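So this one's structure-v9.tsv, TSV, C-alpha atoms and all ligand atoms:
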```tsv
chain	number	residue	atom	x	y	z
A	1084	MET	CA	0.00	0.00	0.00
A	1085	GLY	CA	1.18	3.51	-0.78
A	1086	HIS	CA	2.71	2.82	-4.20
A	1087	ILE	CA	2.34	5.96	-6.33
A	1088	LYS	CA	3.05	6.17	-10.03
A	1089	LEU	CA	2.94	9.12	-12.41
A	1090	THR	CA	3.16	8.55	-16.14
A	1091	ASN	CA	3.73	11.55	-18.43
A	1092	VAL	CA	1.81	13.83	-16.13
A	1093	ALA	CA	1.50	17.45	-17.20
A	1094	LYS	CA	-0.35	20.42	-15.76
A	1095	SER	CA	-1.33	23.69	-17.36
A	1096	PHE	CA	-3.23	26.59	-15.87
A	1097	GLY	CA	-4.84	28.22	-18.88
A	1098	SER	CA	-2.06	28.71	-21.39
A	1099	VAL	CA	0.69	28.41	-18.76
A	1100	ASP	CA	2.42	25.02	-18.66
A	1101	VAL	CA	3.49	24.46	-15.08
A	1102	LEU	CA	4.48	20.78	-15.16
A	1103	HIS	CA	5.84	18.94	-18.20
A	1104	ASP	CA	5.81	15.22	-18.75
A	1105	ILE	CA	6.53	13.99	-15.23
A	1106	SER	CA	7.09	10.25	-14.91
A	1107	LEU	CA	7.91	9.01	-11.47
A	1108	GLU	CA	7.43	5.89	-9.39
A	1109	ILE	CA	7.35	6.03	-5.61
A	1110	ALA	CA	7.59	2.75	-3.74
A	1111	ASP	CA	5.49	1.72	-0.78
A	1112	SER	CA	6.94	3.18	2.46
A	1113	GLU	CA	9.50	5.23	0.61
A	1114	PHE	CA	10.42	8.72	1.86
A	1115	VAL	CA	10.66	10.87	-1.26
A	1116	VAL	CA	11.56	14.54	-1.16
A	1117	PHE	CA	10.72	17.00	-3.94
A	1118	VAL	CA	13.20	19.87	-4.07
A	1119	GLY	CA	13.62	22.82	-6.38
A	1120	PRO	CA	13.47	26.59	-6.38
A	1121	SER	CA	10.35	28.55	-5.59
A	1122	GLY	CA	7.81	28.38	-8.42
A	1123	CYS	CA	9.21	25.20	-10.04
A	1124	GLY	CA	5.97	23.28	-9.47
A	1125	LYS	CA	6.56	21.29	-6.25
A	1126	SER	CA	3.26	22.21	-4.63
A	1127	THR	CA	1.33	21.71	-7.85
A	1128	LEU	CA	2.80	18.22	-8.21
A	1129	LEU	CA	1.91	17.36	-4.62
A	1130	ARG	CA	-1.60	18.79	-4.98
A	1131	MET	CA	-2.18	16.63	-8.05
A	1132	ILE	CA	-1.14	13.51	-6.17
A	1133	ALA	CA	-3.41	14.60	-3.32
A	1134	GLY	CA	-6.31	15.15	-5.70
A	1135	LEU	CA	-6.62	18.88	-5.01
A	1136	ASP	CA	-5.65	19.56	-8.63
A	1137	ARG	CA	-6.18	17.42	-11.70
A	1138	PRO	CA	-3.51	16.54	-14.24
A	1139	SER	CA	-4.07	18.11	-17.66
A	1140	ARG	CA	-2.50	15.04	-19.26
A	1141	GLY	CA	-1.01	11.74	-18.18
A	1142	GLU	CA	-1.90	9.06	-15.65
A	1143	LEU	CA	-1.68	8.92	-11.90
A	1144	THR	CA	-2.09	5.59	-10.11
A	1145	ILE	CA	-2.11	4.67	-6.43
A	1146	ASP	CA	-1.55	1.01	-5.65
A	1147	GLY	CA	-2.18	0.18	-9.29
A	1148	LYS	CA	-5.49	2.00	-9.51
A	1149	LEU	CA	-5.96	4.93	-11.87
A	1150	VAL	CA	-7.01	7.87	-9.68
A	1151	ASN	CA	-7.04	10.84	-12.10
A	1152	ASN	CA	-10.73	11.28	-11.43
A	1153	VAL	CA	-10.88	9.98	-7.87
A	1154	PRO	CA	-11.73	12.74	-5.34
A	1155	ALA	CA	-9.08	13.67	-2.78
A	1156	ALA	CA	-11.06	12.21	0.12
A	1157	ASP	CA	-11.17	8.77	-1.52
A	1158	ARG	CA	-7.45	8.43	-2.28
A	1159	GLY	CA	-6.36	7.21	1.15
A	1160	LEU	CA	-3.81	10.01	1.45
A	1161	ALA	CA	-3.34	12.77	3.99
A	1162	MET	CA	-1.82	16.16	3.35
A	1163	VAL	CA	0.05	18.40	5.82
A	1164	PHE	CA	0.48	22.06	4.89
A	1165	GLN	CA	3.00	24.66	5.92
A	1166	SER	CA	0.20	26.86	7.21
A	1167	TYR	CA	-1.19	24.09	9.51
A	1168	ALA	CA	-4.75	24.76	8.28
A	1169	LEU	CA	-6.24	24.02	11.70
A	1170	TYR	CA	-9.75	25.15	12.65
A	1171	PRO	CA	-9.24	28.01	15.11
A	1172	HIS	CA	-12.63	27.65	16.82
A	1173	MET	CA	-12.16	23.95	17.61
A	1174	SER	CA	-10.10	22.28	20.30
A	1175	VAL	CA	-7.09	20.19	19.33
A	1176	ARG	CA	-9.16	17.07	20.01
A	1177	GLN	CA	-11.92	18.32	17.70
A	1178	ASN	CA	-9.37	19.21	15.04
A	1179	LEU	CA	-8.01	15.67	15.19
A	1180	ALA	CA	-11.49	14.16	15.04
A	1181	PHE	CA	-12.61	16.34	12.15
A	1182	GLY	CA	-13.08	14.32	9.01
A	1183	LEU	CA	-13.36	11.04	10.93
A	1184	GLU	CA	-16.70	11.97	12.48
A	1185	ASN	CA	-18.57	12.09	9.21
A	1186	THR	CA	-17.39	8.62	8.24
A	1187	LYS	CA	-18.98	5.45	9.53
A	1188	MET	CA	-16.11	4.93	11.95
A	1189	PRO	CA	-17.27	3.86	15.44
A	1190	LYS	CA	-16.77	6.49	18.14
A	1191	ALA	CA	-14.52	4.21	20.18
A	1192	GLU	CA	-12.19	3.81	17.23
A	1193	ILE	CA	-11.99	7.60	16.75
A	1194	VAL	CA	-11.18	8.05	20.44
A	1195	GLU	CA	-8.49	5.37	20.22
A	1196	ARG	CA	-6.90	6.87	17.10
A	1197	ILE	CA	-6.77	10.32	18.67
A	1198	ALA	CA	-5.20	8.93	21.83
A	1199	GLU	CA	-2.59	7.07	19.80
A	1200	ALA	CA	-1.65	10.09	17.67
A	1201	ALA	CA	-1.56	12.36	20.73
A	1202	ARG	CA	0.77	9.90	22.48
A	1203	MET	CA	3.02	9.58	19.46
A	1204	LEU	CA	3.34	13.35	19.05
A	1205	GLU	CA	3.31	14.15	22.77
A	1206	ILE	CA	0.42	16.58	22.47
A	1207	GLU	CA	-1.78	14.92	25.13
A	1208	PRO	CA	-1.57	17.94	27.49
A	1209	TYR	CA	-3.00	20.24	24.81
A	1210	LEU	CA	-5.99	18.25	23.60
A	1211	GLU	CA	-8.57	20.61	25.08
A	1212	ARG	CA	-6.82	23.81	23.96
A	1213	ARG	CA	-7.52	25.76	20.81
A	1214	PRO	CA	-4.83	26.24	18.13
A	1215	GLY	CA	-4.46	29.92	19.11
A	1216	GLN	CA	-3.23	28.80	22.54
A	1217	LEU	CA	-0.41	26.70	21.09
A	1218	SER	CA	3.10	27.48	19.86
A	1219	GLY	CA	3.99	27.07	16.18
A	1220	GLY	CA	5.71	23.76	16.88
A	1221	GLN	CA	2.72	22.42	18.80
A	1222	ARG	CA	0.38	23.48	16.01
A	1223	GLN	CA	2.49	21.69	13.45
A	1224	ARG	CA	2.32	18.52	15.57
A	1225	VAL	CA	-1.46	18.81	15.61
A	1226	ALA	CA	-1.46	19.19	11.82
A	1227	ILE	CA	0.65	16.02	11.55
A	1228	GLY	CA	-1.63	14.33	14.09
A	1229	ARG	CA	-4.63	15.13	11.96
A	1230	ALA	CA	-2.97	13.23	9.14
A	1231	ILE	CA	-1.93	10.30	11.36
A	1232	VAL	CA	-5.45	9.61	12.68
A	1233	ARG	CA	-6.59	8.94	9.14
A	1234	ARG	CA	-4.02	6.13	8.78
A	1235	PRO	CA	-3.28	7.10	5.20
A	1236	VAL	CA	-1.29	4.96	2.77
A	1237	ALA	CA	0.79	8.06	2.08
A	1238	PHE	CA	1.51	11.37	3.77
A	1239	LEU	CA	1.97	14.41	1.55
A	1240	LEU	CA	3.83	17.20	3.34
A	1241	ASP	CA	4.25	20.62	1.77
A	1242	GLU	CA	7.10	22.53	3.46
A	1243	PRO	CA	5.75	21.49	6.86
A	1244	LEU	CA	8.64	22.96	8.86
A	1245	SER	CA	9.18	26.25	7.08
A	1246	ASN	CA	7.21	28.26	9.65
A	1247	LEU	CA	9.30	26.98	12.55
A	1248	ASP	CA	12.45	28.54	13.94
A	1249	ALA	CA	15.75	26.83	13.21
A	1250	GLU	CA	16.02	24.88	16.45
A	1251	LEU	CA	12.48	23.57	16.35
A	1252	ARG	CA	12.90	22.73	12.68
A	1253	GLY	CA	15.81	20.45	13.56
A	1254	SER	CA	13.99	18.59	16.31
A	1255	THR	CA	10.76	18.27	14.34
A	1256	ARG	CA	12.73	16.95	11.37
A	1257	ALA	CA	14.19	14.22	13.56
A	1258	GLU	CA	10.71	13.39	14.85
A	1259	LEU	CA	9.39	13.09	11.32
A	1260	ALA	CA	12.14	10.64	10.46
A	1261	ALA	CA	11.26	8.58	13.55
A	1262	LEU	CA	7.59	8.76	12.67
A	1263	HIS	CA	8.25	7.49	9.18
A	1264	ALA	CA	10.18	4.53	10.57
A	1265	ARG	CA	7.36	3.77	12.95
A	1266	LEU	CA	4.39	4.22	10.60
A	1267	SER	CA	6.05	2.67	7.56
A	1268	ALA	CA	3.81	4.75	5.30
A	1269	THR	CA	4.92	6.42	2.09
A	1270	MET	CA	5.96	10.02	2.60
A	1271	ILE	CA	6.24	12.66	-0.08
A	1272	TYR	CA	7.83	15.74	1.31
A	1273	VAL	CA	8.24	19.09	-0.41
A	1274	THR	CA	10.97	21.48	0.64
A	1275	HIS	CA	13.43	24.00	-0.74
A	1276	ASP	CA	15.81	23.21	2.13
A	1277	GLN	CA	18.81	21.08	1.11
A	1278	VAL	CA	19.49	19.89	4.66
A	1279	GLU	CA	15.96	18.57	5.05
A	1280	ALA	CA	16.19	16.83	1.70
A	1281	MET	CA	19.58	15.24	2.35
A	1282	THR	CA	18.74	14.03	5.85
A	1283	LEU	CA	15.17	12.80	5.35
A	1284	ALA	CA	15.04	11.35	1.85
A	1285	ASP	CA	15.38	7.81	0.63
A	1286	ARG	CA	15.30	9.46	-2.79
A	1287	ILE	CA	15.27	13.08	-3.89
A	1288	VAL	CA	13.43	14.37	-6.95
A	1289	VAL	CA	15.03	17.58	-8.21
A	1290	LEU	CA	12.58	19.79	-10.09
A	1291	ARG	CA	13.33	22.78	-12.25
A	1292	ALA	CA	10.77	24.82	-14.15
A	1293	GLY	CA	8.21	22.00	-14.09
A	1294	ARG	CA	10.54	19.21	-15.19
A	1295	VAL	CA	12.36	16.46	-13.33
A	1296	GLU	CA	16.09	17.17	-13.55
A	1297	GLN	CA	17.26	14.11	-11.64
A	1298	VAL	CA	16.01	11.43	-9.26
A	1299	GLY	CA	18.33	9.60	-6.91
A	1300	THR	CA	19.42	8.87	-3.37
A	1301	PRO	CA	21.04	11.79	-1.55
A	1302	LEU	CA	24.43	10.13	-2.04
A	1303	GLU	CA	23.86	9.56	-5.76
A	1304	LEU	CA	22.90	13.17	-6.30
A	1305	TYR	CA	25.82	14.37	-4.26
A	1306	ASN	CA	28.38	12.14	-5.95
A	1307	SER	CA	26.98	12.18	-9.48
A	1308	PRO	CA	24.81	15.22	-10.10
A	1309	ALA	CA	23.41	15.20	-13.65
A	1310	ASN	CA	24.29	18.84	-14.20
A	1311	ARG	CA	25.40	22.05	-12.56
A	1312	PHE	CA	21.89	22.94	-11.48
A	1313	VAL	CA	21.54	19.73	-9.46
A	1314	ALA	CA	25.07	20.08	-8.09
A	1315	GLY	CA	24.35	23.65	-7.02
A	1316	PHE	CA	21.10	22.72	-5.43
A	1317	ILE	CA	22.43	19.72	-3.54
A	1318	GLY	CA	25.57	21.56	-2.47
A	1319	SER	CA	27.81	19.07	-4.24
A	1320	PRO	CA	31.34	20.19	-5.24
A	1321	HIS	CA	31.01	18.37	-8.60
B	1401	LIG	P1	6.47	25.71	-5.82
B	1401	LIG	O1	5.62	24.99	-4.84
B	1401	LIG	O2	7.61	24.90	-6.36
B	1401	LIG	O3	6.97	27.02	-5.29
B	1401	LIG	P2	4.00	25.97	-7.33
B	1401	LIG	O4	3.63	24.58	-7.65
B	1401	LIG	O5	3.29	26.63	-6.21
B	1401	LIG	O6	5.59	26.08	-7.10
B	1401	LIG	O7	3.81	26.89	-8.60
B	1401	LIG	C1	4.38	26.58	-9.87
B	1401	LIG	C2	3.92	27.58	-10.88
B	1401	LIG	O8	2.55	27.40	-11.15
B	1401	LIG	C3	4.08	29.02	-10.45
B	1401	LIG	O9	4.51	29.77	-11.54
B	1401	LIG	C4	2.69	29.42	-10.02
B	1401	LIG	O10	2.49	30.78	-10.20
B	1401	LIG	C5	1.83	28.58	-10.96
B	1401	LIG	N1	0.52	28.23	-10.38
B	1401	LIG	C6	0.31	27.45	-9.29
B	1401	LIG	N2	-1.00	27.30	-9.03
B	1401	LIG	C7	-1.65	28.03	-9.97
B	1401	LIG	C8	-3.02	28.29	-10.26
B	1401	LIG	N3	-4.01	27.76	-9.52
B	1401	LIG	N4	-3.30	29.08	-11.33
B	1401	LIG	C9	-2.32	29.60	-12.08
B	1401	LIG	N5	-1.01	29.40	-11.88
B	1401	LIG	C10	-0.67	28.63	-10.85
B	1402	MG	MG	5.11	25.42	-2.87
```
As structure tokens, what does this structure read like?
Amino acid sequence: MGHIKLTNVAKSFGSVDVLHDISLEIADSEFVVFVGPSGCGKSTLLRMIAGLDRPSRGELTIDGKLVNNVPAADRGLAMVFQSYALYPHMSVRQNLAFGLENTKMPKAEIVERIAEAARMLEIEPYLERRPGQLSGGQRQRVAIGRAIVRRPVAFLLDEPLSNLDAELRGSTRAELAALHARLSATMIYVTHDQVEAMTLADRIVVLRAGRVEQVGTPLELYNSPANRFVAGFIGSPH
């Protein structure tokens, strides 16, 4: 579960071509990081996988099933945004429960999932607070918790740490790595931060102006960058 495949996927907004001919296969439980400069199409690519945008051309499959026309809610994925996107008028507990309550899931199961996520992320003391009463780091944990309770086959994270200060970014990054090991779900992680990419990724996808420049492990990209752009981005001396 969590095997994602893109075949010749392209995206245009009106007459503007944002993504060109992206073919990419992401294995179950893999941690894949999309990197590239601002505006290169990272978020658009993630949003298409999530189902928030539709490809203009090409095929997108999840676990072998064509999902081009499958709504976001039915893809078995969970997205975490940079901006947290929490509901300010709800408690942390209600934020975590949101989206599970209008499924047929039994109440006891919802309670158990929230307890498990809260334990994992160490946010138990804050469950009755509202997002406005939390620090940025705590809010980001809640946003991750809201993804965890859904038990998705893949997590899609769009620059989840970019609102945190440097110290918190480091510790949260380490927690994400631990979480990935523990959940063994696929993770697709967007960043423009080389350190995050190099430390978190099983494989890195380098994007430039809507095209894939190179795909490889951090070591492969560092040792054998395909071109100067990749070398510059990865910080390789080659
Ligand atoms: P990144 O996340 O790498 O910074 P984005 O995927 O957000 O880049 O954007 C890639 C390009 O697509 C940008 O030029 C952006 O202006 C354009 N774009 C993104 N979403 C839309 C949209 N809904 N309508 C028109 N252009 C868009
Ligand atoms: Mg973006």
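Counting from atom CA of A:Gly1299, the distance to atom CA of A:Leu1262 is 22.3 Å.
Counting only C-alpha atoms, stretch 1211-1218 of chain A has the following residues at most 10 Å away, ignoring those fewer than 2 positions along the same chain: Tyr1167, Ala1168, Leu1169, Tyr1170, Pro1171, His1172, Met1173, Ser1174, Val1175, Arg1176, Gln1177, Asn1178, Glu1207, Pro1208, Tyr1209, Gly1220, Gln1221, Arg1222, Gln1223, Arg1224, Val1225 and Leu1247 of chain A.
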Using only C-alpha atoms and all ligand atoms, I'd like a table of the residues in chain A that come within 9 Å of ligand LIG 1401 (chain B); for each, show the closest atom pair and its distance in Å rounded to one decimal, ordered by chain and ascending number, as CSV.
```
residue,atom,partner,partner_atom,distance
A:Lys1094,CA,B:LIG1401,O8,8.9
A:Ser1095,CA,B:LIG1401,N5,7.9
A:Phe1096,CA,B:LIG1401,C9,4.9
A:Gly1097,CA,B:LIG1401,C9,7.4
A:Val1099,CA,B:LIG1401,N5,7.2
A:Asp1100,CA,B:LIG1401,O8,7.9
A:Val1101,CA,B:LIG1401,O8,5.0
A:Leu1102,CA,B:LIG1401,C1,7.9
A:Phe1117,CA,B:LIG1401,O2,8.8
A:Val1118,CA,B:LIG1401,O2,7.9
A:Gly1119,CA,B:LIG1401,O2,6.4
A:Pro1120,CA,B:LIG1401,O2,6.1
A:Ser1121,CA,B:LIG1401,O3,3.7
A:Gly1122,CA,B:LIG1401,O6,3.5
A:Cys1123,CA,B:LIG1401,O2,4.0
A:Gly1124,CA,B:LIG1401,O4,3.2
A:Lys1125,CA,B:LIG1401,O2,3.8
A:Ser1126,CA,B:LIG1401,O1,3.7
A:Thr1127,CA,B:LIG1401,O4,3.7
A:Leu1128,CA,B:LIG1401,O4,6.4
A:Leu1129,CA,B:LIG1401,O4,8.0
A:Arg1130,CA,B:LIG1401,O4,8.2
A:Asp1136,CA,B:LIG1401,N3,8.4
A:Asp1241,CA,B:LIG1401,O1,8.0
A:Glu1242,CA,B:LIG1401,O1,8.8
A:Val1273,CA,B:LIG1401,O1,7.8
A:Thr1274,CA,B:LIG1401,O1,8.4
A:His1275,CA,B:LIG1401,O2,8.1
A:Leu1290,CA,B:LIG1401,O2,8.0
A:Arg1291,CA,B:LIG1401,O2,8.5
A:Ala1292,CA,B:LIG1401,C1,7.9
A:Gly1293,CA,B:LIG1401,C1,7.3
```
Between atom CA of A:Met1270 and atom CA of A:Ile1105 - distance in Å to one decimal = 18.3 Å
Atom pair atom CA of A:Arg1252 / atom CA of A:Ile1087: separation (Å) | 27.5 Å
Neighbours of stretch 1160-1162 of chain A within 8 Å (all atoms listed in the file; same-chain residues fewer than 2 positions away dropped), as a short mmCIF file (atom, residue, chain, number, x, y, z; two decimals) with C-alpha atoms, keeping the file's coordinate frame?
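Dumped everything to part_20.cif:
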```cif
data_model
loop_
_atom_site.label_atom_id
_atom_site.label_comp_id
_atom_site.auth_asym_id
_atom_site.auth_seq_id
_atom_site.Cartn_x
_atom_site.Cartn_y
_atom_site.Cartn_z
CA ALA A 1133 -3.41 14.60 -3.32
CA ALA A 1155 -9.08 13.67 -2.78
CA ALA A 1156 -11.06 12.21 0.12
CA ARG A 1158 -7.45 8.43 -2.28
CA PHE A 1164 0.48 22.06 4.89
CA ALA A 1230 -2.97 13.23 9.14
CA ILE A 1231 -1.93 10.30 11.36
CA ARG A 1233 -6.59 8.94 9.14
CA PRO A 1235 -3.28 7.10 5.20
CA VAL A 1236 -1.29 4.96 2.77
CA ALA A 1237 0.79 8.06 2.08
CA PHE A 1238 1.51 11.37 3.77
CA LEU A 1239 1.97 14.41 1.55
CA LEU A 1240 3.83 17.20 3.34
CA ASP A 1241 4.25 20.62 1.77
#
```
Give the answer as one residue: which of A:Gly1141, A:Pro1154, A:Arg1294, A:Gln1277 has the shortest atom-to-atom distance to A:Ile1317, using only C-alpha atoms?
-> A:Gln1277
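For A:Asp1104, the list of residues within 7 Å, based on all atoms listed in the file and with local chain neighbours fewer than 6 positions off taken out, reads Asn1091, Val1092 and Ala1093 of chain A.
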Residues from the last selection, C-alpha atoms, saved as a compact mmCIF listing (two decimals), in the coordinates of the input:
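Writing done, so here's selection-v7.txt:
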```
# COMPACT_ATOMS: atom_id res chain seq x y z
CA ASN A 1091 3.73 11.55 -18.43
CA VAL A 1092 1.81 13.83 -16.13
CA ALA A 1093 1.50 17.45 -17.20
```
Could you give me, as a ChimeraX atom specification, the residues within 12 Å of A:Thr1144, counting all atoms listed in the file and dropping anything in the same chain fewer than 5 positions from it?
-> /A:1084-1092,1106-1110,1131-1134,1138,1149-1153,1158
Centre, x/y/z edge lengths, axis-aligned box for stretch 1133-1150 of chain A with 4 Å per side, as AutoDock Vina command-line options:
```
--center_x -4.0 --center_y 9.9 --center_z -11.3 --size_x 14.0 --size_y 27.4 --size_z 23.9
```
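Nearest residue to ligand MG 1402 (chain B), choosing from A:Pro1308, A:Pro1243, A:Pro1320, A:Gly1315 and counting all atoms listed in the file: A:Pro1243.
All protein, DNA and RNA residues at most 7 Å from (-5.4, 12.3, 13.4) are Leu1179, Ala1180, Arg1196, Ile1197, Ala1200, Gly1228, Arg1229, Ala1230, Ile1231, Val1232 and Arg1233 of chain A, using all atoms listed in the file.
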Contact residues around A:Val1298 with only C-alpha atoms at 8 Å, ignoring same-chain residues under 2 positions, as a ChimeraX atom specification = /A:1286-1289,1295-1296,1300,1304
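Among the candidate residues A:Val1115, A:Leu1302, A:Ala1226, A:Ala1314, the one lying nearest to A:Ile1206 is A:Ala1226, with distances computed using all atoms listed in the file.
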Among A:Gln1165, A:Ala1198, A:Pro1189, A:Ala1268, ligand MG 1402 (chain B) is approached most closely, using all atoms listed in the file, by A:Gln1165
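Shortest atom-to-atom contact with A:Glu1279 among A:Met1203, A:Val1116, A:Ala1261, A:Val1313: A:Val1116, counting only C-alpha atoms.
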